[in-house]
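Peer 1: To start, I am sharing the structure in question, which I have written as structure tokens.
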Amino acid sequence: MSRPAVPIAIGPAEPPPALLEKAVVEAGAAVSELDDARALIWAGGPGEFPDELPATVEWVQLPAAGIEDWFTAGIFAKYPAVRFTSAAGAFAASVAEHALMLLLAGVRYLPEHLRAARWRQQDFFPHVDTLRGKTVTIVGAGGIGRALIPMLIPLGAHVIAINRSGRPVTGPGIPETVETLATEHLGRIWPRTDHVVIAAPATPDTRHLVGADELARLKPSSWIINVARGSLVDTDALVTALASGAIGGAGLDVTDPEPLPDGHPLWVLPNAIVTPHDSNPPQLRFAAFADHVGENVMRFVAGRELIAPIDPERGY
């Protein structure tokens with residue numbers, strides 16, 4: 001006789017319930033009311049989160065990779081016995097693709113090409129560059145980094161991966177020759193890298209990870225790409241570096257403050273590319289989140305380790 005399916009609740013109403021219901025059922029569980037559930041798949045924000053969770057709830061899946069708002073809301077402290085997982089890694093391919101787009105746009109001098117209203121070939125030639133033979137450092141080589149490295153290698157770039165442990169970054173399309181350094185050695189890379197991609201989580205320890213000192217140690221041709229959180233880069237220091245030509249440019253899908261106010265210097269600096277935090281738009285995010293949910297539900301039903309567990313002590 002088969003055992004009853006594990007009851008899992010879904011809330012609130014967005015993204016479309018059918019997408020998440022399908023993921024839960026196909027993973028071997030059953031959609032239930034919260035009062036009867038052993039787990040909760042949450043697709044909303046911390047402000048909408050239930051005031052109380054039933055004692056039966058063992059695990060909560062959150063919808064985002066960045067969870068700083070959940071810490072601010074005190075959700076994890078309120079439920080210390082509940083396992084929480086984020087969506088870290090679920091959206092990696094889309095965000096990595098966006099990071100590569102920003103980096104290529106910068107080194108190929110695309111912003112100036114787009115602004116041009118006449119043929120200026122000789123003006124552009126000295127500034128157009130390539131990633132071939134260049135060193136690209138990925139700070140925070142988690143899911144986004146593992147997706148980005150196989151995109152950079154075929155372009156001839158040398159990649160340095162920075163992660164918390166310093167353990168080699170592995171995955172499909174990642175050669176064993178990729179250099180990996182622990183975060184504690186981050187200071188070594190600024191003068192030896194050509195470009196930097198920021199993909200680390202936002203925690204108190206990573207606030208202004210890139211400031212005036214770090215920017216001053218980069219090359220005048222260096223582009224810095226931020227697809228993580230705006231707080232990881234000191235905005236005032238970045239504006240100064242861009243305006244003075246201390247670095248080549250910046251490609252930012254995230255800013256501090258966010259939204260970036262009208263009239264901010266980053267909107268008009270010619271060597272800044274700003275996209276409005278759209279590296280992971282809804283039409284891509286919902287399907288990717290459903291896939292992530294399906295994998296974690298399957299693991300929960302089987303009693304296996306879940307993907308992207310949140311460690312409140314580490315802040316992510």
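Labels for the structure tokens follow display order: chains A, B, ..., residues from 1 in each chain, ligands from 1.
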Any idea what's packed within 8 Å of stretch 179-192 of chain A, counting only C-alpha atoms, ignoring anything in its chain fewer than 5 positions away? Could you give it as a ChimeraX atom specification?

Peer 2: /A:135,137,159-169,214-215,217-219

Peer 1: From the DSSP assignment of the backbone, select every residue of stretch 178-244 of chain A that is strand (DSSP E), and format the answer as a count of residues only.

Peer 2: 12

Peer 1: Between A:His195, A:Arg304, A:His264, A:His277, which residue has the minimum interatomic distance to A:Lys134, considering only C-alpha atoms?

Peer 2: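 Among the listed residues, the smallest separation from A:Lys134 belongs to A:His195.
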
Peer 1: Please list as a ChimeraX atom specification every residue within 12 Å of A:Thr235, counting only C-alpha atoms and excluding residues in the same chain fewer than 2 positions away.

Peer 2: /A:207-212,215,226,229-233,237-242,250,252,254-258,260,264-266,272

Peer 1: Can those selected residues be exported to a file as a compact mmCIF listing (two decimals), in the first residue's frame so that it contains N, CA, C and O atoms?

Peer 2:
# COMPACT_ATOMS: atom_id res chain seq x y z
N ARG A 207 28.96 44.69 2.15
CA ARG A 207 28.59 46.07 1.84
C ARG A 207 29.83 46.85 1.43
O ARG A 207 30.85 46.83 2.11
N HIS A 208 29.76 47.55 0.31
CA HIS A 208 30.88 48.33 -0.24
C HIS A 208 32.14 47.48 -0.37
O HIS A 208 33.24 47.93 -0.09
N LEU A 209 31.92 46.25 -0.82
CA LEU A 209 33.05 45.37 -1.11
C LEU A 209 33.98 46.02 -2.12
O LEU A 209 35.20 45.82 -2.10
N VAL A 210 33.40 46.78 -3.02
CA VAL A 210 34.17 47.55 -3.99
C VAL A 210 34.01 49.03 -3.67
O VAL A 210 32.91 49.59 -3.79
N GLY A 211 35.09 49.64 -3.21
CA GLY A 211 35.07 51.05 -2.86
C GLY A 211 36.18 51.80 -3.57
O GLY A 211 36.76 51.31 -4.56
N ALA A 212 36.50 52.97 -3.07
CA ALA A 212 37.49 53.82 -3.74
C ALA A 212 38.85 53.15 -3.85
O ALA A 212 39.52 53.25 -4.88
N LEU A 215 38.72 50.36 -6.58
CA LEU A 215 38.60 50.94 -7.91
C LEU A 215 39.92 51.58 -8.35
O LEU A 215 40.29 51.50 -9.53
N ASN A 226 28.05 44.70 -12.21
CA ASN A 226 27.37 44.32 -10.97
C ASN A 226 25.97 43.78 -11.28
O ASN A 226 25.11 44.52 -11.74
N ARG A 229 23.85 42.96 -5.98
CA ARG A 229 23.07 43.97 -5.28
C ARG A 229 23.86 45.27 -5.30
O ARG A 229 25.09 45.27 -5.22
N GLY A 230 23.16 46.38 -5.37
CA GLY A 230 23.82 47.66 -5.46
C GLY A 230 24.72 47.97 -4.28
O GLY A 230 25.71 48.68 -4.42
N SER A 231 24.38 47.44 -3.11
CA SER A 231 25.13 47.77 -1.90
C SER A 231 26.56 47.24 -1.92
O SER A 231 27.40 47.67 -1.12
N LEU A 232 26.89 46.32 -2.82
CA LEU A 232 28.24 45.78 -2.87
C LEU A 232 29.25 46.77 -3.45
O LEU A 232 30.45 46.59 -3.29
N VAL A 233 28.77 47.80 -4.11
CA VAL A 233 29.65 48.80 -4.71
C VAL A 233 29.33 50.17 -4.12
O VAL A 233 28.15 50.56 -4.03
N ALA A 237 31.94 56.41 -4.86
CA ALA A 237 33.31 56.12 -5.32
C ALA A 237 33.29 55.68 -6.79
O ALA A 237 34.19 56.04 -7.56
N LEU A 238 32.27 54.95 -7.18
CA LEU A 238 32.16 54.50 -8.57
C LEU A 238 31.95 55.69 -9.51
O LEU A 238 32.59 55.78 -10.56
N VAL A 239 31.07 56.60 -9.13
CA VAL A 239 30.83 57.77 -9.97
C VAL A 239 32.12 58.57 -10.15
O VAL A 239 32.45 59.01 -11.26
N THR A 240 32.87 58.74 -9.07
CA THR A 240 34.14 59.47 -9.15
C THR A 240 35.11 58.77 -10.09
O THR A 240 35.77 59.41 -10.92
N ALA A 241 35.21 57.44 -9.97
CA ALA A 241 36.14 56.67 -10.82
C ALA A 241 35.73 56.74 -12.28
O ALA A 241 36.58 56.84 -13.18
N LEU A 242 34.45 56.69 -12.55
CA LEU A 242 33.96 56.76 -13.93
C LEU A 242 34.19 58.15 -14.53
O LEU A 242 34.63 58.29 -15.67
N ALA A 250 31.37 50.91 -16.22
CA ALA A 250 30.59 50.05 -15.33
C ALA A 250 29.30 49.64 -16.02
O ALA A 250 28.65 50.47 -16.67
N LEU A 252 25.76 48.05 -14.87
CA LEU A 252 25.04 47.86 -13.62
C LEU A 252 23.60 47.44 -13.87
O LEU A 252 22.83 48.19 -14.48
N VAL A 254 22.04 46.49 -11.08
CA VAL A 254 21.59 46.82 -9.73
C VAL A 254 22.32 48.09 -9.30
O VAL A 254 23.46 48.33 -9.71
N THR A 255 21.68 48.90 -8.48
CA THR A 255 22.28 50.15 -8.05
C THR A 255 21.97 50.41 -6.58
O THR A 255 21.11 49.77 -5.98
N ASP A 256 22.69 51.36 -6.02
CA ASP A 256 22.43 51.82 -4.67
C ASP A 256 22.50 53.34 -4.71
O ASP A 256 23.58 53.89 -4.89
N PRO A 257 21.33 54.03 -4.60
CA PRO A 257 20.00 53.49 -4.28
C PRO A 257 19.34 52.82 -5.47
O PRO A 257 19.78 52.98 -6.61
N GLU A 258 18.30 52.08 -5.17
CA GLU A 258 17.50 51.43 -6.20
C GLU A 258 16.03 51.57 -5.86
O GLU A 258 15.64 51.23 -4.73
N LEU A 260 17.27 53.74 -9.23
CA LEU A 260 18.20 54.85 -9.38
C LEU A 260 17.40 56.11 -9.71
O LEU A 260 16.63 56.13 -10.66
N HIS A 264 20.38 61.14 -11.67
CA HIS A 264 21.60 60.64 -11.04
C HIS A 264 22.73 60.62 -12.08
O HIS A 264 22.50 60.34 -13.26
N PRO A 265 23.98 60.90 -11.64
CA PRO A 265 25.10 60.91 -12.60
C PRO A 265 25.26 59.63 -13.40
O PRO A 265 25.71 59.67 -14.56
N LEU A 266 24.90 58.48 -12.83
CA LEU A 266 25.07 57.22 -13.56
C LEU A 266 24.22 57.17 -14.83
O LEU A 266 24.53 56.41 -15.75
N ALA A 272 28.94 54.49 -18.37
CA ALA A 272 28.09 53.71 -17.47
C ALA A 272 26.89 53.17 -18.26
O ALA A 272 26.25 53.90 -19.01

Peer 1: Within 9 Å of A:Ala65, counting only C-alpha atoms, which residues qualify if same-chain residues fewer than 3 places away don't, as a list in words?

Peer 2: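 Here the qualifying residues turn out to be Leu62, Ser86, Ala87, Ala88, Gly89, Ala90, Phe91, Pro201, Ala308 and Tyr316 of chain A.
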
Peer 1: So that I have them on file, write out the residues from the current selection with N, CA, C and O atoms, as a compact mmCIF listing (two decimals), in the first residue's frame.

Peer 2:
# COMPACT_ATOMS: atom_id res chain seq x y z
N LEU A 62 11.66 30.01 -0.45
CA LEU A 62 11.47 31.41 -0.78
C LEU A 62 11.70 31.63 -2.28
O LEU A 62 12.41 30.85 -2.92
N SER A 86 16.46 29.39 -0.35
CA SER A 86 16.27 30.51 -1.28
C SER A 86 16.18 29.96 -2.70
O SER A 86 16.24 28.76 -2.92
N ALA A 87 16.08 30.88 -3.65
CA ALA A 87 16.07 30.48 -5.06
C ALA A 87 17.45 30.68 -5.68
O ALA A 87 17.56 30.79 -6.91
N ALA A 88 18.49 30.72 -4.85
CA ALA A 88 19.85 30.91 -5.37
C ALA A 88 20.18 29.84 -6.40
O ALA A 88 19.99 28.64 -6.16
N GLY A 89 20.66 30.26 -7.54
CA GLY A 89 21.01 29.35 -8.61
C GLY A 89 19.91 29.13 -9.62
O GLY A 89 20.17 28.76 -10.77
N ALA A 90 18.66 29.40 -9.21
CA ALA A 90 17.54 29.13 -10.12
C ALA A 90 17.57 30.04 -11.34
O ALA A 90 17.17 29.65 -12.44
N PHE A 91 18.04 31.25 -11.15
CA PHE A 91 18.00 32.24 -12.23
C PHE A 91 19.40 32.52 -12.79
O PHE A 91 19.62 33.51 -13.49
N PRO A 201 26.48 37.51 -2.66
CA PRO A 201 25.27 37.88 -1.92
C PRO A 201 25.48 39.17 -1.14
O PRO A 201 26.61 39.54 -0.80
N ALA A 308 20.13 25.19 -2.07
CA ALA A 308 20.14 26.58 -1.60
C ALA A 308 19.59 26.76 -0.19
O ALA A 308 18.75 27.64 0.05
N TYR A 316 23.06 34.38 4.27
CA TYR A 316 22.55 34.01 2.95
C TYR A 316 22.29 32.52 2.89
O TYR A 316 22.69 31.79 3.78

Peer 1: If I take atom CA of A:Gly145 and atom CA of A:Val274, how far is one from the other in Å, to one decimal?

Peer 2: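 One can read the atom CA of A:Gly145 to atom CA of A:Val274 distance as 20.5 Å.
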
Peer 1: When DSSP works through the backbone of this structure, what residues of stretch 35-235 of chain A end up as helix (DSSP H, G or I), shown as an NGL selection string?

Peer 2: :A and (35-36 or 46-48 or 68-72 or 75-78 or 92-107 or 110-115 or 121-127 or 143-155 or 183-188 or 204-206 or 212-217 or 230-232 or 235)

Peer 1: One decimal, Å: what's the distance from atom CA of A:Ile224 over to atom CA of A:Asp262, could you say?

Peer 2: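 Between atom CA of A:Ile224 and atom CA of A:Asp262 the gap works out to 22.1 Å.
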
Peer 1: Within 9 Å of stretch 279-293 of chain A, counting only C-alpha atoms, which residues show up once you throw out same-chain ones fewer than 6 positions away? Write them as number ranges by chain, please.

Peer 2: A: 15-16, 19-24, 27, 41, 43, 61, 63-64, 87, 89-92, 94-99, 227, 253, 307

Peer 1: Kindly give the distance, in Å, that separates atom CA of A:Phe300 and atom CA of A:Ala5, rounded to a single decimal.

Peer 2: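 Interatomic distance here is 11.6 Å.
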
Peer 1: Restricting the calculation to only C-alpha atoms: of A:Glu68, A:Glu305, A:Glu52, A:Asp35, which residue gets closest to A:Ile10?

Peer 2: A:Asp35

Peer 1: Which of these residues is nearest to A:Ala9, using only C-alpha atoms: A:Val297, A:Asp213, A:Ser244, A:Ala228?

Peer 2: A:Val297
